[in-house]
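File shown: run.csv. Contents: CSV, C-alpha atoms.
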chain,number,residue,atom,x,y,z
A,12,MET,CA,-4.4,-7.8,-48.3
A,13,THR,CA,-7.4,-9.9,-49.1
A,14,SER,CA,-10.8,-9.5,-47.5
A,15,THR,CA,-10.1,-12.4,-45.2
A,16,ASP,CA,-6.9,-11.1,-43.9
A,17,ALA,CA,-7.0,-9.7,-40.4
A,18,ALA,CA,-5.7,-6.3,-39.7
A,19,PRO,CA,-2.5,-6.3,-37.6
A,20,ALA,CA,-3.1,-5.7,-34.0
A,21,ALA,CA,-2.2,-2.3,-32.7
A,22,ILE,CA,0.9,-2.3,-30.4
A,23,ALA,CA,0.4,-0.3,-27.3
A,24,PRO,CA,3.3,2.2,-26.6
A,25,ALA,CA,5.7,1.2,-23.8
A,26,PRO,CA,5.2,3.2,-20.6
A,27,PRO,CA,7.8,6.0,-20.1
A,28,VAL,CA,11.0,5.5,-18.2
A,29,LEU,CA,10.5,6.7,-14.6
A,30,ALA,CA,13.9,5.6,-13.2
A,31,GLU,CA,17.2,4.4,-14.5
A,32,VAL,CA,19.8,2.0,-13.0
A,33,VAL,CA,23.3,3.5,-13.1
A,34,ARG,CA,26.3,1.4,-12.2
A,35,SER,CA,29.8,2.8,-12.4
A,36,GLY,CA,28.6,5.6,-14.6
A,37,PHE,CA,26.9,3.1,-17.0
A,38,THR,CA,23.2,2.9,-17.4
A,39,GLU,CA,22.4,-0.8,-17.2
A,40,GLY,CA,18.6,-0.7,-16.9
A,41,HIS,CA,15.4,1.2,-16.8
A,42,HIS,CA,12.1,1.0,-14.8
A,43,ARG,CA,9.0,2.2,-16.7
A,44,GLY,CA,5.6,3.0,-15.3
A,45,SER,CA,2.8,5.5,-15.0
A,46,LEU,CA,2.2,8.3,-12.6
A,47,VAL,CA,-0.3,11.0,-11.7
A,48,LEU,CA,-0.1,14.1,-9.6
A,49,LEU,CA,-3.2,15.9,-8.3
A,50,ALA,CA,-3.3,19.6,-7.3
A,51,ALA,CA,-4.8,20.7,-4.0
A,52,ASP,CA,-8.2,21.3,-5.8
A,53,GLY,CA,-8.2,17.8,-7.2
A,54,SER,CA,-7.3,18.7,-10.7
A,55,VAL,CA,-4.8,16.6,-12.6
A,56,GLU,CA,-1.5,18.5,-12.5
A,57,ARG,CA,0.8,16.0,-14.3
A,58,THR,CA,0.6,12.6,-15.8
A,59,LEU,CA,3.2,10.2,-17.2
A,60,GLY,CA,2.1,7.0,-19.0
A,61,ASP,CA,-1.5,6.0,-18.7
A,62,PRO,CA,-2.7,6.6,-15.1
A,63,GLY,CA,-6.3,6.0,-16.2
A,64,ALA,CA,-5.7,2.4,-17.1
A,65,PRO,CA,-6.8,0.0,-14.3
A,66,VAL,CA,-4.1,-1.6,-12.1
A,67,PHE,CA,-4.3,-3.7,-9.0
A,68,PRO,CA,-3.2,-1.2,-6.2
A,69,ARG,CA,-2.4,-4.2,-4.0
A,70,SER,CA,-1.9,-3.0,-0.4
A,71,SER,CA,-2.5,0.6,-1.4
A,72,ASN,CA,-6.1,-0.4,-1.2
A,73,LYS,CA,-5.8,-1.1,2.5
A,74,PRO,CA,-7.2,2.3,3.7
A,75,MET,CA,-10.4,1.6,1.8
A,76,GLN,CA,-10.6,-2.0,3.2
A,77,ALA,CA,-10.2,-0.6,6.7
A,78,ALA,CA,-12.9,2.0,6.1
A,79,ALA,CA,-15.2,-0.8,4.9
A,80,ILE,CA,-14.6,-2.6,8.2
A,81,LEU,CA,-15.6,0.5,10.1
A,82,ARG,CA,-18.7,1.0,8.0
A,83,ALA,CA,-19.6,-2.6,8.8
A,84,GLY,CA,-19.7,-1.7,12.5
A,85,LEU,CA,-16.4,-2.7,14.0
A,86,GLU,CA,-15.2,-0.2,16.6
A,87,LEU,CA,-11.5,0.3,16.0
A,88,SER,CA,-9.3,3.3,16.8
A,89,GLY,CA,-5.7,4.2,17.4
A,90,GLU,CA,-3.0,1.6,16.8
A,91,ARG,CA,-5.6,-1.1,16.1
A,92,LEU,CA,-7.2,0.9,13.2
A,93,ALA,CA,-3.7,1.7,11.9
A,94,LEU,CA,-2.8,-2.0,12.0
A,95,ALA,CA,-6.0,-2.9,10.1
A,96,ALA,CA,-4.7,-0.8,7.2
A,97,ALA,CA,-1.1,-2.0,7.5
A,98,SER,CA,1.5,-3.9,5.6
A,99,HIS,CA,3.4,-4.4,8.9
A,100,SER,CA,7.0,-5.3,9.1
A,101,GLY,CA,6.5,-8.2,11.5
A,102,GLU,CA,8.3,-6.5,14.4
A,103,PRO,CA,7.3,-7.8,17.9
A,104,PHE,CA,5.0,-4.9,18.6
A,105,HIS,CA,3.1,-5.6,15.4
A,106,LEU,CA,2.6,-9.3,16.2
A,107,ASP,CA,1.7,-8.6,19.8
A,108,LEU,CA,-1.2,-6.3,18.8
A,109,VAL,CA,-2.5,-8.7,16.1
A,110,ARG,CA,-2.7,-11.4,18.8
A,111,LYS,CA,-4.6,-9.0,21.1
A,112,MET,CA,-7.0,-8.0,18.3
A,113,LEU,CA,-7.8,-11.6,17.7
A,114,ALA,CA,-8.2,-12.5,21.3
A,115,GLU,CA,-10.5,-9.6,22.0
A,116,HIS,CA,-13.0,-11.3,19.6
A,117,GLY,CA,-12.6,-14.9,20.7
A,118,LEU,CA,-10.2,-15.6,17.8
A,119,THR,CA,-6.8,-17.1,17.5
A,120,PRO,CA,-4.0,-17.0,14.9
A,121,ASP,CA,-5.3,-20.3,13.5
A,122,ASP,CA,-8.4,-18.4,12.2
A,123,LEU,CA,-6.3,-16.3,9.9
A,124,GLN,CA,-6.3,-17.3,6.3
A,125,THR,CA,-3.1,-15.4,5.4
A,126,PRO,CA,-0.3,-17.6,3.9
A,127,PRO,CA,2.4,-18.5,6.4
A,128,ASP,CA,5.3,-16.1,5.9
A,129,LEU,CA,8.3,-14.5,7.5
A,130,PRO,CA,8.4,-10.9,8.7
A,131,LEU,CA,8.5,-8.4,5.8
A,132,ASP,CA,11.4,-6.4,7.3
A,133,PRO,CA,14.7,-8.2,6.7
A,134,VAL,CA,16.2,-7.3,10.1
A,135,ALA,CA,13.0,-8.5,11.9
A,136,ALA,CA,13.1,-11.7,9.7
A,137,GLU,CA,16.7,-12.4,10.7
A,138,THR,CA,15.9,-12.0,14.4
A,139,TYR,CA,12.8,-14.1,14.1
A,140,LEU,CA,14.7,-17.0,12.4
A,141,ALA,CA,17.6,-16.7,14.9
A,142,ALA,CA,15.1,-17.4,17.7
A,143,GLY,CA,14.1,-20.7,16.1
A,144,ASN,CA,10.8,-19.5,14.6
A,145,VAL,CA,9.2,-20.7,11.4
A,146,ARG,CA,6.8,-19.1,8.9
A,147,GLU,CA,3.4,-18.4,10.5
A,148,ARG,CA,0.1,-16.9,9.3
A,149,ILE,CA,0.3,-14.2,11.9
A,150,THR,CA,3.8,-13.1,10.7
A,151,MET,CA,2.5,-12.3,7.2
A,152,ASN,CA,2.4,-8.5,6.7
A,153,CYS,CA,-1.4,-8.5,6.1
A,154,SER,CA,-2.3,-10.2,9.4
A,155,GLY,CA,-3.6,-7.0,11.0
A,156,LYS,CA,-6.0,-6.5,8.2
A,157,HIS,CA,-7.2,-10.1,8.3
A,158,ALA,CA,-7.6,-9.9,12.1
A,159,ALA,CA,-9.9,-6.9,11.7
A,160,MET,CA,-11.8,-8.6,8.9
A,161,LEU,CA,-12.4,-11.6,11.1
A,162,ALA,CA,-13.4,-9.4,14.0
A,163,VAL,CA,-16.1,-7.6,12.1
A,164,CYS,CA,-17.4,-10.9,10.9
A,165,VAL,CA,-17.7,-12.0,14.5
A,166,ARG,CA,-19.4,-8.8,15.4
A,167,ASN,CA,-22.0,-9.1,12.6
A,168,GLY,CA,-22.5,-12.9,12.8
A,169,TRP,CA,-21.1,-13.3,9.4
A,170,ASP,CA,-19.3,-16.6,8.4
A,171,THR,CA,-15.6,-16.4,9.3
A,172,ALA,CA,-14.6,-19.4,7.2
A,173,SER,CA,-15.5,-17.6,4.0
A,174,TYR,CA,-14.4,-14.1,4.9
A,175,LEU,CA,-12.2,-13.9,1.8
A,176,ASP,CA,-14.8,-15.0,-0.7
A,177,PRO,CA,-15.6,-12.1,-3.1
A,178,ALA,CA,-19.3,-12.8,-2.5
A,179,HIS,CA,-19.0,-12.4,1.3
A,180,PRO,CA,-20.9,-9.4,2.6
A,181,LEU,CA,-17.7,-7.7,3.9
A,182,GLN,CA,-15.9,-8.0,0.5
A,183,GLN,CA,-19.0,-6.7,-1.3
A,184,LEU,CA,-18.8,-3.7,1.0
A,185,VAL,CA,-15.1,-3.3,0.4
A,186,GLY,CA,-15.7,-3.1,-3.4
A,187,GLN,CA,-18.3,-0.4,-2.9
A,188,VAL,CA,-16.0,1.7,-0.7
A,189,VAL,CA,-13.2,1.4,-3.2
A,190,ALA,CA,-15.4,2.5,-6.1
A,191,ASP,CA,-16.9,5.4,-4.1
A,192,ALA,CA,-13.5,6.6,-2.9
A,193,ALA,CA,-11.9,6.4,-6.4
A,194,GLY,CA,-14.9,7.9,-8.2
A,195,GLU,CA,-14.9,5.1,-10.7
A,196,PRO,CA,-16.2,1.6,-11.0
A,197,VAL,CA,-14.0,-1.4,-10.0
A,198,ALA,CA,-12.6,-2.7,-13.3
A,199,ALA,CA,-11.7,-6.2,-12.2
A,200,VAL,CA,-11.5,-8.3,-9.1
A,201,GLY,CA,-8.5,-10.6,-8.4
A,202,THR,CA,-6.8,-12.2,-5.5
A,203,ASP,CA,-4.1,-10.4,-3.5
A,204,GLY,CA,-1.0,-12.1,-2.2
A,205,CYS,CA,-2.6,-12.4,1.2
A,206,GLY,CA,-5.7,-14.2,-0.3
A,207,ALA,CA,-8.1,-11.3,0.0
A,208,PRO,CA,-10.2,-10.0,-2.9
A,209,LEU,CA,-8.4,-7.2,-4.8
A,210,MET,CA,-10.2,-4.5,-6.7
A,211,ALA,CA,-8.6,-2.8,-9.8
A,212,ILE,CA,-8.9,0.9,-10.3
A,213,GLY,CA,-6.9,3.5,-12.3
A,214,LEU,CA,-4.0,5.4,-10.7
A,215,THR,CA,-5.9,8.6,-11.0
A,216,GLY,CA,-8.8,7.0,-9.1
A,217,LEU,CA,-6.3,5.8,-6.4
A,218,ALA,CA,-4.9,9.3,-6.0
A,219,ARG,CA,-8.4,10.6,-5.7
A,220,ALA,CA,-9.2,8.0,-3.1
A,221,PHE,CA,-6.3,9.0,-0.9
A,222,ARG,CA,-7.2,12.7,-1.3
A,223,SER,CA,-10.8,12.0,-0.3
A,224,PHE,CA,-9.6,10.3,2.9
A,225,VAL,CA,-7.5,13.2,4.2
A,226,LEU,CA,-10.2,15.7,3.3
A,227,ALA,CA,-13.1,13.6,4.6
A,228,GLU,CA,-15.4,14.9,7.4
A,229,PRO,CA,-14.0,14.3,10.9
A,230,GLY,CA,-15.7,11.3,12.4
A,231,SER,CA,-16.4,9.6,9.0
A,232,ALA,CA,-14.9,6.2,8.4
A,233,GLU,CA,-12.5,7.5,5.8
A,234,ARG,CA,-11.2,10.3,8.0
A,235,ARG,CA,-10.9,8.0,11.0
A,236,VAL,CA,-8.7,5.6,9.0
A,237,ALA,CA,-6.6,8.5,7.7
A,238,ASP,CA,-6.2,10.0,11.2
A,239,ALA,CA,-5.2,6.6,12.7
A,240,MET,CA,-2.6,5.9,10.1
A,241,ARG,CA,-1.1,9.3,10.4
A,242,ALA,CA,-1.1,9.2,14.2
A,243,HIS,CA,0.5,5.7,14.3
A,244,PRO,CA,2.5,5.3,11.2
A,245,GLU,CA,4.9,2.8,12.8
A,246,TYR,CA,1.9,0.4,12.8
A,247,VAL,CA,1.1,1.0,9.2
A,248,ALA,CA,4.6,-0.1,8.1
A,249,GLY,CA,7.5,-0.4,10.5
A,250,THR,CA,10.5,1.4,11.9
A,251,ARG,CA,12.6,1.0,8.8
A,252,ARG,CA,10.0,1.8,6.1
A,253,SER,CA,9.4,4.9,3.9
A,254,ASP,CA,5.6,5.1,4.6
A,255,THR,CA,6.4,5.4,8.3
A,256,TRP,CA,9.1,8.0,7.7
A,257,LEU,CA,7.0,10.1,5.4
A,258,MET,CA,3.9,10.2,7.7
A,259,SER,CA,6.1,10.9,10.7
A,260,GLU,CA,8.0,13.7,9.2
A,261,VAL,CA,5.6,15.5,6.9
A,262,PRO,CA,2.6,16.4,9.1
A,263,GLY,CA,-0.8,15.4,7.7
A,264,THR,CA,0.5,13.1,5.0
A,265,LEU,CA,-1.2,9.8,4.3
A,266,SER,CA,1.0,7.2,2.5
A,267,LYS,CA,0.7,3.6,1.6
A,268,MET,CA,2.7,1.4,-0.7
A,269,GLY,CA,1.6,-1.8,-2.4
A,270,ALA,CA,3.3,-4.8,-3.8
A,271,GLU,CA,4.3,-4.7,-7.5
A,272,ALA,CA,5.7,-1.2,-6.9
A,273,VAL,CA,2.5,0.8,-6.3
A,274,GLN,CA,2.5,3.9,-4.2
A,275,ALA,CA,-0.2,6.4,-3.2
A,276,VAL,CA,0.2,9.6,-1.1
A,277,ALA,CA,-2.1,12.4,-0.1
A,278,LEU,CA,-0.9,15.6,1.6
A,279,ALA,CA,-2.9,17.4,4.2
A,280,ASP,CA,-4.1,20.1,1.7
A,281,GLY,CA,-5.4,17.6,-0.9
A,282,ARG,CA,-2.4,17.4,-3.2
A,283,ALA,CA,-1.9,13.7,-4.1
A,284,LEU,CA,0.0,11.3,-6.2
A,285,ALA,CA,-0.1,7.7,-7.3
A,286,PHE,CA,2.2,5.6,-9.5
A,287,LYS,CA,3.1,2.1,-10.5
A,288,ILE,CA,6.4,0.8,-11.7
A,289,ASP,CA,5.5,-1.4,-14.6
A,290,ASP,CA,7.9,-4.3,-13.9
A,291,GLY,CA,7.0,-4.4,-10.2
A,292,ALA,CA,10.5,-3.5,-9.0
A,293,THR,CA,10.1,-2.1,-5.5
A,294,ARG,CA,13.8,-0.9,-5.6
A,295,ALA,CA,12.6,2.0,-7.8
A,296,LEU,CA,9.8,3.1,-5.4
A,297,GLY,CA,12.0,5.4,-3.3
A,298,PRO,CA,13.6,7.4,-6.1
A,299,VAL,CA,10.3,7.8,-8.0
A,300,LEU,CA,8.4,8.7,-4.8
A,301,ALA,CA,10.9,11.3,-3.8
A,302,ARG,CA,10.9,12.9,-7.2
A,303,ALA,CA,7.0,13.0,-7.3
A,304,LEU,CA,7.0,14.6,-3.8
A,305,GLU,CA,9.4,17.2,-5.0
A,306,LEU,CA,7.2,18.0,-8.0
A,307,LEU,CA,4.3,18.4,-5.5
A,308,GLY,CA,6.3,20.9,-3.6
A,309,VAL,CA,7.3,18.9,-0.6
A,310,ASP,CA,10.5,20.3,0.9
A,311,ALA,CA,11.6,18.1,3.8
A,312,PRO,CA,14.8,16.2,4.7
A,313,VAL,CA,12.8,12.9,4.6
A,314,VAL,CA,12.4,13.2,0.8
A,315,ALA,CA,16.1,12.8,0.2
A,316,ARG,CA,16.2,9.9,2.7
A,317,ILE,CA,13.4,8.1,0.8
A,318,GLY,CA,15.0,8.8,-2.5
A,319,ARG,CA,18.3,7.1,-1.8
A,320,SER,CA,18.7,3.8,-3.6
A,321,PRO,CA,22.4,3.0,-3.9
A,322,LEU,CA,23.9,0.2,-5.9
A,323,LEU,CA,26.8,-1.7,-4.4
A,324,GLY,CA,29.9,-3.2,-6.0
A,325,GLY,CA,31.5,-5.4,-3.4
A,326,ALA,CA,31.2,-3.4,-0.2
A,327,ALA,CA,31.4,0.0,-1.9
A,328,GLU,CA,28.7,2.2,-3.3
A,329,VAL,CA,29.2,2.3,-7.1
A,330,GLY,CA,25.9,3.7,-8.4
A,331,GLU,CA,22.3,4.4,-7.8
A,332,ILE,CA,18.7,4.0,-9.0
A,333,ARG,CA,17.5,7.5,-9.9
A,334,ALA,CA,14.3,9.1,-11.1
A,335,VAL,CA,14.5,10.6,-14.6
A,336,PHE,CA,11.3,12.8,-14.9
For the file at hand, write its structure as structure tokens.
Amino acid sequence: MTSTDAAPAAIAPAPPVLAEVVRSGFTEGHHRGSLVLLAADGSVERTLGDPGAPVFPRSSNKPMQAAAILRAGLELSGERLALAAASHSGEPFHLDLVRKMLAEHGLTPDDLQTPPDLPLDPVAAETYLAAGNVRERITMNCSGKHAAMLAVCVRNGWDTASYLDPAHPLQQLVGQVVADAAGEPVAAVGTDGCGAPLMAIGLTGLARAFRSFVLAEPGSAERRVADAMRAHPEYVAGTRRSDTWLMSEVPGTLSKMGAEAVQAVALADGRALAFKIDDGATRALGPVLARALELLGVDAPVVARIGRSPLLGGAAEVGEIRAVF
């Protein structure tokens, strides 16, 4: 090598396999990723991959966004606050409440800057289309969050047309809340699928954030968000979603998934987890979540329900996606 030759770039190791795809007894694929488990005292109990590396938590950031809306002065509680932190399924009760939240502040669905979309839940989407409906802004799964963001802008006299600008006062506050909850600075700011600014943090920071919400002082913005989500989990997700099942059946649990296969959970006593499937395959979320919950000591029937991810051949079940850690 001459003095002018550049040294070869180091190749980062591949993340570990978290789940495998088994069809007819043959392993046909793998899903890699990173994961962290926190003990009740907040110490790191187990890691896989690199949970310190920044990721975009996607909708797993929504509890922090909702807390920022409260800190900015909007009075929300109950189902409305749960919906402000939701990736809702687009079921009729979700859409009805989004309309009410908008109308209560002199807003309409036309004020939303979410991209037009179909209901997130496949059954709800089929029913919606069968009724002759088309993609709308209100039907997009983040419309509850956007309705709350618009409402707090109206309350504070902030510009509603630019509410998704990273320089907007609301989004600046969101960034501070995310950093405070995670205990680390925001590593990057991007744009989420719904158009809102998206703050990158590590998975360990994400798990710490969820833990801080369930252990926050009663009456604080963080605890109010956690309490609303846990009291009304059907508004956080939907009737056929794992976040709803987990929060309904394991008392005190806070759970929120995000796009690109991100998941964060905190239990009532402060145990917490966060992970991301590297290839973004949400089909691996359930098996990985179920195994992580088992490792945290959660013993409940809902864990097995969440963990089932069968593969079909024709109309028959011929395999599964299963966790391997």
Counting only C-alpha atoms, closest pick from A:Pro229, A:Gly194, A:Gly330, A:Gly291 relative to Gly53 in chain A is A:Gly194
Counting only C-alpha atoms, which of A:Asp122, A:Glu137, A:Asp132, A:Asp107 gets nearest to Asp170 in chain A?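 Of all the options, A:Asp122 lies closest to Asp170 in chain A.
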Protein, DNA and RNA residues within 12 Å of (19.3, 3.5, -2.8), all atoms listed in the file, as a PyMOL selection string: chain A and resi 30-34+293-299+301+315-323+328-334
Closest of A:Arg241, A:Arg282, A:Lys156, A:His179 to Ser98 in chain A - atom-to-atom distances counting only C-alpha atoms: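 Closest candidate: A:Lys156.
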Please provide as number ranges by chain all residues within 12 Å of Leu161 in chain A, with the sequence filter that same-chain residues fewer than 6 positions apart are discarded (counting only C-alpha atoms). A: 80, 83, 85, 95, 109, 112-125, 154-155, 167-175, 179, 181-182, 207
Can I get the selection written as a JSON list (two decimals), in the coordinates of the input, with C-alpha atoms?
[["chain", "number", "residue", "atom", "x", "y", "z"],
["A", 80, "ILE", "CA", -14.60, -2.60, 8.20],
["A", 83, "ALA", "CA", -19.60, -2.60, 8.80],
["A", 85, "LEU", "CA", -16.40, -2.70, 14.00],
["A", 95, "ALA", "CA", -6.00, -2.90, 10.10],
["A", 109, "VAL", "CA", -2.50, -8.70, 16.10],
["A", 112, "MET", "CA", -7.00, -8.00, 18.30],
["A", 113, "LEU", "CA", -7.80, -11.60, 17.70],
["A", 114, "ALA", "CA", -8.20, -12.50, 21.30],
["A", 115, "GLU", "CA", -10.50, -9.60, 22.00],
["A", 116, "HIS", "CA", -13.00, -11.30, 19.60],
["A", 117, "GLY", "CA", -12.60, -14.90, 20.70],
["A", 118, "LEU", "CA", -10.20, -15.60, 17.80],
["A", 119, "THR", "CA", -6.80, -17.10, 17.50],
["A", 120, "PRO", "CA", -4.00, -17.00, 14.90],
["A", 121, "ASP", "CA", -5.30, -20.30, 13.50],
["A", 122, "ASP", "CA", -8.40, -18.40, 12.20],
["A", 123, "LEU", "CA", -6.30, -16.30, 9.90],
["A", 124, "GLN", "CA", -6.30, -17.30, 6.30],
["A", 125, "THR", "CA", -3.10, -15.40, 5.40],
["A", 154, "SER", "CA", -2.30, -10.20, 9.40],
["A", 155, "GLY", "CA", -3.60, -7.00, 11.00],
["A", 167, "ASN", "CA", -22.00, -9.10, 12.60],
["A", 168, "GLY", "CA", -22.50, -12.90, 12.80],
["A", 169, "TRP", "CA", -21.10, -13.30, 9.40],
["A", 170, "ASP", "CA", -19.30, -16.60, 8.40],
["A", 171, "THR", "CA", -15.60, -16.40, 9.30],
["A", 172, "ALA", "CA", -14.60, -19.40, 7.20],
["A", 173, "SER", "CA", -15.50, -17.60, 4.00],
["A", 174, "TYR", "CA", -14.40, -14.10, 4.90],
["A", 175, "LEU", "CA", -12.20, -13.90, 1.80],
["A", 179, "HIS", "CA", -19.00, -12.40, 1.30],
["A", 181, "LEU", "CA", -17.70, -7.70, 3.90],
["A", 182, "GLN", "CA", -15.90, -8.00, 0.50],
["A", 207, "ALA", "CA", -8.10, -11.30, 0.00]]
Given the point (0.0, 15.5, -4.3) in the coordinates of this file, which residues lie within 12 Å, counting all atoms listed in the file, and how would they look as a PyMOL selection string? chain A and resi 46-58+215+217-222+225+264-266+274-286+300-309
Would you kindly return, as a list of chain:residue names, each protein, DNA or RNA residue with an atom no farther than 9 Å from any atom of Gly269 in chain A, considering only C-alpha atoms and excluding same-chain residues fewer than 4 positions away?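 So the residues in contact are A:Pro68, A:Arg69, A:Ser70, A:Ser71, A:Asn72, A:Lys73, A:Ser98, A:Val273, A:Gln274, A:Ala275.
Between Asp290 in chain A and the residues A:Ala270, A:Leu209, A:Arg43, A:Ser35, the shortest atom-to-atom distance, using all atoms listed in the file, involves A:Arg43.
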Computed interatomic separation between CA of Asp254 in chain A and CA of Ala311 in chain A (Å):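 Separation of CA of Asp254 in chain A and CA of Ala311 in chain A: 14.3 Å.
Using all atoms listed in the file, the smallest distance between any of A:Ala21, A:Lys287, A:Glu260, A:Asn152 and Asp310 in chain A comes from A:Glu260.
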3 Å per side around range 58-69 of chain A: axis-aligned box centre and edge lengths, as AutoDock Vina command-line options:
--center_x -1.8 --center_y 4.2 --center_z -11.5 --size_x 16.0 --size_y 22.8 --size_z 21.0
With distances taken over all atoms listed in the file, which of A:Leu59, A:Ala326, A:Ala292, A:Ile212 is nearest to Gly40 in chain A?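 Among the listed residues, A:Ala292 lies closest to Gly40 in chain A.
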Could you write range 60-67 of chain A as a short mmCIF file (atom, residue, chain, number, x, y, z; two decimals), in the coordinates of the input, with all heavy atoms rebuilt where they are missing?
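Dumped to rebuild-v6.cif:
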data_model
loop_
_atom_site.label_atom_id
_atom_site.label_comp_id
_atom_site.auth_asym_id
_atom_site.auth_seq_id
_atom_site.Cartn_x
_atom_site.Cartn_y
_atom_site.Cartn_z
N GLY A 60 2.73 8.30 -18.70
CA GLY A 60 2.10 7.00 -19.00
C GLY A 60 0.64 7.10 -19.11
O GLY A 60 0.08 8.08 -19.59
N ASP A 61 -0.03 6.07 -18.61
CA ASP A 61 -1.50 6.00 -18.70
C ASP A 61 -2.08 5.76 -17.30
O ASP A 61 -2.44 4.62 -16.95
CB ASP A 61 -1.89 4.86 -19.64
CG ASP A 61 -3.39 4.80 -19.88
OD1 ASP A 61 -4.11 5.69 -19.39
OD2 ASP A 61 -3.84 3.85 -20.56
N PRO A 62 -2.21 6.80 -16.50
CA PRO A 62 -2.70 6.60 -15.10
C PRO A 62 -4.21 6.33 -15.08
O PRO A 62 -4.74 6.06 -13.99
CB PRO A 62 -2.40 7.94 -14.46
CG PRO A 62 -2.40 8.94 -15.57
CD PRO A 62 -1.84 8.21 -16.76
N GLY A 63 -4.90 6.36 -16.21
CA GLY A 63 -6.30 6.00 -16.20
C GLY A 63 -6.54 4.52 -16.39
O GLY A 63 -7.65 4.02 -16.14
N ALA A 64 -5.52 3.80 -16.84
CA ALA A 64 -5.70 2.40 -17.10
C ALA A 64 -5.76 1.63 -15.72
O ALA A 64 -5.02 1.95 -14.77
CB ALA A 64 -4.47 1.83 -17.85
N PRO A 65 -6.65 0.67 -15.59
CA PRO A 65 -6.80 0.00 -14.30
C PRO A 65 -5.53 -0.80 -13.93
O PRO A 65 -4.85 -1.38 -14.78
CB PRO A 65 -7.96 -1.01 -14.56
CG PRO A 65 -8.69 -0.45 -15.74
CD PRO A 65 -7.64 0.21 -16.59
N VAL A 66 -5.22 -0.78 -12.65
CA VAL A 66 -4.10 -1.60 -12.10
C VAL A 66 -4.67 -2.20 -10.79
O VAL A 66 -5.69 -1.78 -10.24
CB VAL A 66 -2.90 -0.71 -11.75
CG1 VAL A 66 -2.37 -0.02 -12.99
CG2 VAL A 66 -3.20 0.32 -10.65
N PHE A 67 -3.99 -3.20 -10.31
CA PHE A 67 -4.30 -3.70 -9.00
C PHE A 67 -3.41 -2.89 -8.00
O PHE A 67 -2.19 -3.02 -7.99
CB PHE A 67 -3.89 -5.19 -8.86
CG PHE A 67 -4.90 -6.13 -9.45
CD1 PHE A 67 -4.50 -7.20 -10.24
CD2 PHE A 67 -6.26 -5.98 -9.19
CE1 PHE A 67 -5.43 -8.09 -10.77
CE2 PHE A 67 -7.20 -6.85 -9.72
CZ PHE A 67 -6.78 -7.92 -10.51
#
